[in-house]
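Accompanying notes for the structure given below.
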Amino acid sequence: MVVRLKNALLIADVQNDFCPGGKLGISDGDKIIPAINKYIKEFSKNKLPIFISRDWHPKKTKHFKKFGGVWPAHCVQNTKGAEFHAKLKFPKEAIIISKGMDPEKDSYSAFDAVDSNGCEFDNLLRIFGIKNLFVGGLATDYCVKNSAIDALKKGFKVLLLVDAVKGVNLKPNDSDEAIDEMVRRGARKISFADLKL
Ligand SMILES: [Zn+2]
């Protein structure tokens, strides 16, 4: 039997600080979690790799307003805000990848992330032989967008889970524009009903 692992799932940054009540709470950021869980279940059932990314900042980083960046402090390592939202359900086989540890960088993309052994996301995908990356999570206009664009640049096919993403919208149209840009660069929009693994 040939094992084909062409498809992988990336769920970006479903952490307390990006959900309502968090330091950088996205309104209704938690509302997409049931949809995300459905995708996770489906990938798990098909024994396909599931990557769960997290923003994982040191206390001091140029990413934060206080040190010259744009954002209030958020997702500081080992704080409640950096924990995954309690409603997010993923199996123990899922691979957690962390980004934002370098105090000199913003690291919006999952392609800046590494697993617990320090292996880069890109390498992990290549090890599994992944061709298609299904992307959902938070936030549409930052981590989702940057991860999707990097994936496309690296030659992966990107399937954007439009029913499982939510944006920050510093400007009201940021998310819509982010989706347009991803599509223009080659991403395909899908919803759960279109999922074929
Ligand atoms: Zn961050």
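Following the order of the structure tokens, first chain is A, next is B, and so on, with residues numbered from 1 inside each chain and ligands from 1 in the order they appear.
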Pick out the residues sitting within 12 Å of range 150-155 of chain A, and hand them over as an MDAnalysis selection string; count only C-alpha atoms, and ignore anything fewer than 2 positions along from it in its own chain.
chainID A and resid 8 10 107:112 121:123 125:126 130:135 142:148 157:160 181:188
Show me a table, sorted first by chain and then by increasing residue number, of the residues of chain A having an atom at most 10 Å from ligand 1, each with its shortest atom pair and the distance in Å to one decimal, counting only C-alpha atoms and all ligand atoms and written as a tab-separated table.
residue	atom	partner	partner_atom_place_in_ligand_line	distance
A:Asp13	CA	ligand 1	1 (Zn)	9.2
A:Asp17	CA	ligand 1	1 (Zn)	9.6
A:Phe18	CA	ligand 1	1 (Zn)	9.4
A:Leu24	CA	ligand 1	1 (Zn)	9.2
A:Arg54	CA	ligand 1	1 (Zn)	8.9
A:Asp55	CA	ligand 1	1 (Zn)	5.4
A:Trp56	CA	ligand 1	1 (Zn)	7.3
A:His57	CA	ligand 1	1 (Zn)	6.7
A:Thr61	CA	ligand 1	1 (Zn)	9.5
A:His63	CA	ligand 1	1 (Zn)	6.6
A:Phe64	CA	ligand 1	1 (Zn)	7.9
A:Val70	CA	ligand 1	1 (Zn)	9.7
A:Trp71	CA	ligand 1	1 (Zn)	7.5
A:Pro72	CA	ligand 1	1 (Zn)	9.0
A:Ala73	CA	ligand 1	1 (Zn)	8.0
A:His74	CA	ligand 1	1 (Zn)	6.3
A:Cys75	CA	ligand 1	1 (Zn)	6.6
A:Val76	CA	ligand 1	1 (Zn)	8.7
A:Ala82	CA	ligand 1	1 (Zn)	9.9
A:Lys99	CA	ligand 1	1 (Zn)	8.4
A:Gly100	CA	ligand 1	1 (Zn)	6.3
A:Met101	CA	ligand 1	1 (Zn)	9.4
A:Lys105	CA	ligand 1	1 (Zn)	9.6
A:Asp106	CA	ligand 1	1 (Zn)	6.5
A:Ser107	CA	ligand 1	1 (Zn)	7.2
A:Tyr108	CA	ligand 1	1 (Zn)	6.9
A:Tyr142	CA	ligand 1	1 (Zn)	9.4
A:Cys143	CA	ligand 1	1 (Zn)	8.9
I need the chosen residues saved as an mmCIF file, in the first residue's frame, with C-alpha atoms.
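Writing done, so here's again15.cif:
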data_model
loop_
_atom_site.group_PDB
_atom_site.id
_atom_site.type_symbol
_atom_site.label_atom_id
_atom_site.label_comp_id
_atom_site.auth_asym_id
_atom_site.auth_seq_id
_atom_site.Cartn_x
_atom_site.Cartn_y
_atom_site.Cartn_z
ATOM 1 C CA ASP A 13 -2.840 31.110 16.172
ATOM 2 C CA ASP A 17 -4.953 36.697 23.247
ATOM 3 C CA PHE A 18 -6.446 36.668 19.735
ATOM 4 C CA LEU A 24 -5.424 41.532 20.846
ATOM 5 C CA ARG A 54 1.137 29.667 17.871
ATOM 6 C CA ASP A 55 2.516 33.133 18.375
ATOM 7 C CA TRP A 56 5.139 32.639 21.087
ATOM 8 C CA HIS A 57 6.832 35.901 22.000
ATOM 9 C CA THR A 61 10.425 42.079 21.286
ATOM 10 C CA HIS A 63 7.037 43.334 17.618
ATOM 11 C CA PHE A 64 5.473 45.127 20.632
ATOM 12 C CA VAL A 70 2.815 48.096 16.253
ATOM 13 C CA TRP A 71 1.138 45.730 18.680
ATOM 14 C CA PRO A 72 0.285 45.711 22.354
ATOM 15 C CA ALA A 73 2.066 42.888 24.178
ATOM 16 C CA HIS A 74 0.371 39.561 23.371
ATOM 17 C CA CYS A 75 1.028 35.816 23.375
ATOM 18 C CA VAL A 76 3.977 36.090 25.730
ATOM 19 C CA ALA A 82 -0.509 32.455 24.743
ATOM 20 C CA LYS A 99 6.932 31.511 15.886
ATOM 21 C CA GLY A 100 7.793 35.012 17.055
ATOM 22 C CA MET A 101 10.568 33.960 19.439
ATOM 23 C CA LYS A 105 11.331 39.944 14.003
ATOM 24 C CA ASP A 106 7.536 40.131 13.661
ATOM 25 C CA SER A 107 7.160 36.588 12.268
ATOM 26 C CA TYR A 108 3.627 36.721 10.888
ATOM 27 C CA TYR A 142 -1.820 38.563 9.223
ATOM 28 C CA CYS A 143 -0.770 35.019 10.001
#
According to DSSP computed on the backbone, where in range 40-136 of chain A is there strand (DSSP E)? Give the residues as a VMD selection string.
chain A and resid 50 to 55 95 to 99 132 to 136
By how many Å are CA of Ile11 in chain A and CA of Ile52 in chain A apart?
4.9 Å
So which residues of range 149-186 of chain A fall under alpha helix (DSSP H) by DSSP, listed as a list in words?
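Result set for range 149-186 of chain A (alpha helix (DSSP H)): Ile149, Asp150, Ala151, Leu152, Lys153, Asp174, Ser175, Asp176, Glu177, Ala178, Ile179, Asp180, Glu181, Met182, Val183 and Arg184 of chain A.
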Create the file for the chosen residues now, containing N, CA and C atoms and written as a compact mmCIF listing (two decimals), in the first residue's frame.
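The result, stored in result20.txt:
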# COMPACT_ATOMS: atom_id res chain seq x y z
N ILE A 149 0.66 33.06 1.53
CA ILE A 149 1.50 33.63 0.47
C ILE A 149 2.87 32.95 0.46
N ASP A 150 3.45 32.71 1.64
CA ASP A 150 4.73 32.00 1.69
C ASP A 150 4.59 30.59 1.12
N ALA A 151 3.49 29.93 1.45
CA ALA A 151 3.27 28.56 0.95
C ALA A 151 3.22 28.56 -0.57
N LEU A 152 2.49 29.53 -1.13
CA LEU A 152 2.38 29.63 -2.60
C LEU A 152 3.75 29.89 -3.22
N LYS A 153 4.51 30.79 -2.60
CA LYS A 153 5.86 31.10 -3.10
C LYS A 153 6.74 29.87 -3.09
N ASP A 174 -9.53 45.09 5.55
CA ASP A 174 -8.26 44.35 5.53
C ASP A 174 -8.43 42.86 5.22
N SER A 175 -9.44 42.25 5.84
CA SER A 175 -9.62 40.79 5.66
C SER A 175 -10.03 40.47 4.23
N ASP A 176 -10.99 41.25 3.71
CA ASP A 176 -11.45 41.02 2.34
C ASP A 176 -10.30 41.20 1.36
N GLU A 177 -9.51 42.25 1.60
CA GLU A 177 -8.37 42.49 0.72
C GLU A 177 -7.32 41.39 0.84
N ALA A 178 -7.15 40.89 2.06
CA ALA A 178 -6.19 39.79 2.27
C ALA A 178 -6.65 38.55 1.49
N ILE A 179 -7.95 38.27 1.55
CA ILE A 179 -8.48 37.10 0.82
C ILE A 179 -8.30 37.30 -0.69
N ASP A 180 -8.62 38.50 -1.16
CA ASP A 180 -8.43 38.79 -2.59
C ASP A 180 -6.98 38.58 -3.01
N GLU A 181 -6.06 39.05 -2.17
CA GLU A 181 -4.65 38.94 -2.51
C GLU A 181 -4.21 37.47 -2.56
N MET A 182 -4.67 36.69 -1.57
CA MET A 182 -4.32 35.27 -1.56
C MET A 182 -4.84 34.58 -2.82
N VAL A 183 -6.07 34.90 -3.19
CA VAL A 183 -6.68 34.29 -4.37
C VAL A 183 -5.94 34.72 -5.64
N ARG A 184 -5.60 36.02 -5.71
CA ARG A 184 -4.87 36.54 -6.86
C ARG A 184 -3.54 35.81 -7.04
Nearest candidate to Phe43 in chain A (options A:Leu197, A:Leu138, A:Gly22, A:Gly29; using only C-alpha atoms):
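Nearest to Phe43 in chain A: A:Leu197.
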For a quick check of understanding, using only C-alpha atoms, which of A:Lys189, A:Lys65, A:Lys196, A:Lys92 has the smallest distance to Phe51 in chain A?
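Going through A:Lys189, A:Lys65, A:Lys196, A:Lys92 one by one, the smallest distance to Phe51 in chain A is for A:Lys92.
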Can you pull out the residues contacting Lys31 in chain A? Cut-off 12 Å, using only C-alpha atoms, and skip same-chain residues under 2 positions away; I want them as an mmCIF file with N, CA, C and O atoms, in the first residue's frame.
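The result, written out as around-v8.cif:
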data_model
loop_
_atom_site.group_PDB
_atom_site.id
_atom_site.type_symbol
_atom_site.label_atom_id
_atom_site.label_comp_id
_atom_site.auth_asym_id
_atom_site.auth_seq_id
_atom_site.Cartn_x
_atom_site.Cartn_y
_atom_site.Cartn_z
ATOM 1 N N VAL A 14 -4.866 30.110 17.124
ATOM 2 C CA VAL A 14 -6.138 30.174 17.863
ATOM 3 C C VAL A 14 -5.812 30.202 19.366
ATOM 4 O O VAL A 14 -5.949 29.219 20.084
ATOM 5 N N PHE A 18 -5.832 36.272 21.010
ATOM 6 C CA PHE A 18 -6.446 36.668 19.735
ATOM 7 C C PHE A 18 -7.962 36.485 19.749
ATOM 8 O O PHE A 18 -8.627 36.718 18.751
ATOM 9 N N CYS A 19 -8.487 36.021 20.879
ATOM 10 C CA CYS A 19 -9.927 35.809 20.992
ATOM 11 C C CYS A 19 -10.525 36.873 21.908
ATOM 12 O O CYS A 19 -9.792 37.543 22.634
ATOM 13 N N PRO A 20 -11.850 37.054 21.848
ATOM 14 C CA PRO A 20 -12.469 38.093 22.673
ATOM 15 C C PRO A 20 -12.006 37.995 24.125
ATOM 16 O O PRO A 20 -11.938 36.911 24.690
ATOM 17 N N ILE A 26 -9.765 39.464 18.658
ATOM 18 C CA ILE A 26 -10.451 39.656 17.382
ATOM 19 C C ILE A 26 -11.933 39.421 17.642
ATOM 20 O O ILE A 26 -12.287 38.368 18.186
ATOM 21 N N SER A 27 -12.788 40.403 17.283
ATOM 22 C CA SER A 27 -14.191 40.207 17.617
ATOM 23 C C SER A 27 -14.702 38.985 16.861
ATOM 24 O O SER A 27 -14.431 38.819 15.669
ATOM 25 N N ASP A 28 -15.386 38.128 17.587
ATOM 26 C CA ASP A 28 -15.883 36.843 17.061
ATOM 27 C C ASP A 28 -14.755 35.883 16.651
ATOM 28 O O ASP A 28 -15.008 34.903 15.951
ATOM 29 N N GLY A 29 -13.528 36.152 17.103
ATOM 30 C CA GLY A 29 -12.413 35.256 16.785
ATOM 31 C C GLY A 29 -12.679 33.829 17.236
ATOM 32 O O GLY A 29 -12.237 32.875 16.598
ATOM 33 N N ILE A 33 -14.117 28.631 15.886
ATOM 34 C CA ILE A 33 -13.489 27.430 16.461
ATOM 35 C C ILE A 33 -14.277 26.142 16.159
ATOM 36 O O ILE A 33 -13.663 25.136 15.783
ATOM 37 N N PRO A 34 -15.613 26.142 16.258
ATOM 38 C CA PRO A 34 -16.329 24.903 15.893
ATOM 39 C C PRO A 34 -16.040 24.464 14.459
ATOM 40 O O PRO A 34 -15.850 23.270 14.198
ATOM 41 N N ALA A 35 -15.956 25.415 13.541
ATOM 42 C CA ALA A 35 -15.639 25.074 12.146
ATOM 43 C C ALA A 35 -14.221 24.518 12.046
ATOM 44 O O ALA A 35 -13.979 23.510 11.365
ATOM 45 N N ILE A 36 -13.294 25.143 12.743
ATOM 46 C CA ILE A 36 -11.904 24.658 12.749
ATOM 47 C C ILE A 36 -11.856 23.229 13.283
ATOM 48 O O ILE A 36 -11.195 22.355 12.708
ATOM 49 N N ASN A 37 -12.591 22.981 14.364
ATOM 50 C CA ASN A 37 -12.590 21.635 14.956
ATOM 51 C C ASN A 37 -13.112 20.580 13.978
ATOM 52 O O ASN A 37 -12.649 19.439 13.985
ATOM 53 N N HIS A 85 -6.994 28.477 22.742
ATOM 54 C CA HIS A 85 -8.335 28.649 23.275
ATOM 55 C C HIS A 85 -8.867 27.295 23.751
ATOM 56 O O HIS A 85 -8.645 26.269 23.103
ATOM 57 N N LYS A 87 -11.615 25.919 23.669
ATOM 58 C CA LYS A 87 -12.555 25.199 22.789
ATOM 59 C C LYS A 87 -11.867 24.533 21.592
ATOM 60 O O LYS A 87 -12.475 23.723 20.900
ATOM 61 N N LEU A 88 -10.621 24.910 21.339
ATOM 62 C CA LEU A 88 -9.908 24.308 20.217
ATOM 63 C C LEU A 88 -9.535 22.873 20.574
ATOM 64 O O LEU A 88 -8.894 22.620 21.594
ATOM 65 N N GLY A 137 -7.784 29.678 10.563
ATOM 66 C CA GLY A 137 -7.348 30.219 11.847
ATOM 67 C C GLY A 137 -7.376 31.733 11.901
ATOM 68 O O GLY A 137 -8.111 32.409 11.175
ATOM 69 N N LEU A 138 -6.501 32.276 12.751
ATOM 70 C CA LEU A 138 -6.452 33.704 13.021
ATOM 71 C C LEU A 138 -5.055 34.233 12.691
ATOM 72 O O LEU A 138 -4.081 33.540 12.933
ATOM 73 N N ASP A 163 -14.553 29.487 5.747
ATOM 74 C CA ASP A 163 -15.485 29.425 6.883
ATOM 75 C C ASP A 163 -14.746 29.210 8.211
ATOM 76 O O ASP A 163 -15.368 29.034 9.248
ATOM 77 N N ALA A 164 -13.413 29.224 8.161
ATOM 78 C CA ALA A 164 -12.636 28.951 9.376
ATOM 79 C C ALA A 164 -11.492 29.955 9.542
ATOM 80 O O ALA A 164 -10.430 29.628 10.054
ATOM 81 N N VAL A 165 -11.732 31.187 9.081
ATOM 82 C CA VAL A 165 -10.750 32.269 9.280
ATOM 83 C C VAL A 165 -11.474 33.519 9.771
ATOM 84 O O VAL A 165 -12.667 33.686 9.535
ATOM 85 N N LYS A 166 -10.738 34.373 10.466
ATOM 86 C CA LYS A 166 -11.295 35.639 10.945
ATOM 87 C C LYS A 166 -10.158 36.653 11.018
ATOM 88 O O LYS A 166 -9.037 36.290 11.363
ATOM 89 N N GLY A 167 -10.467 37.908 10.694
ATOM 90 C CA GLY A 167 -9.397 38.900 10.626
ATOM 91 C C GLY A 167 -9.427 39.949 11.724
ATOM 92 O O GLY A 167 -10.425 40.120 12.421
#
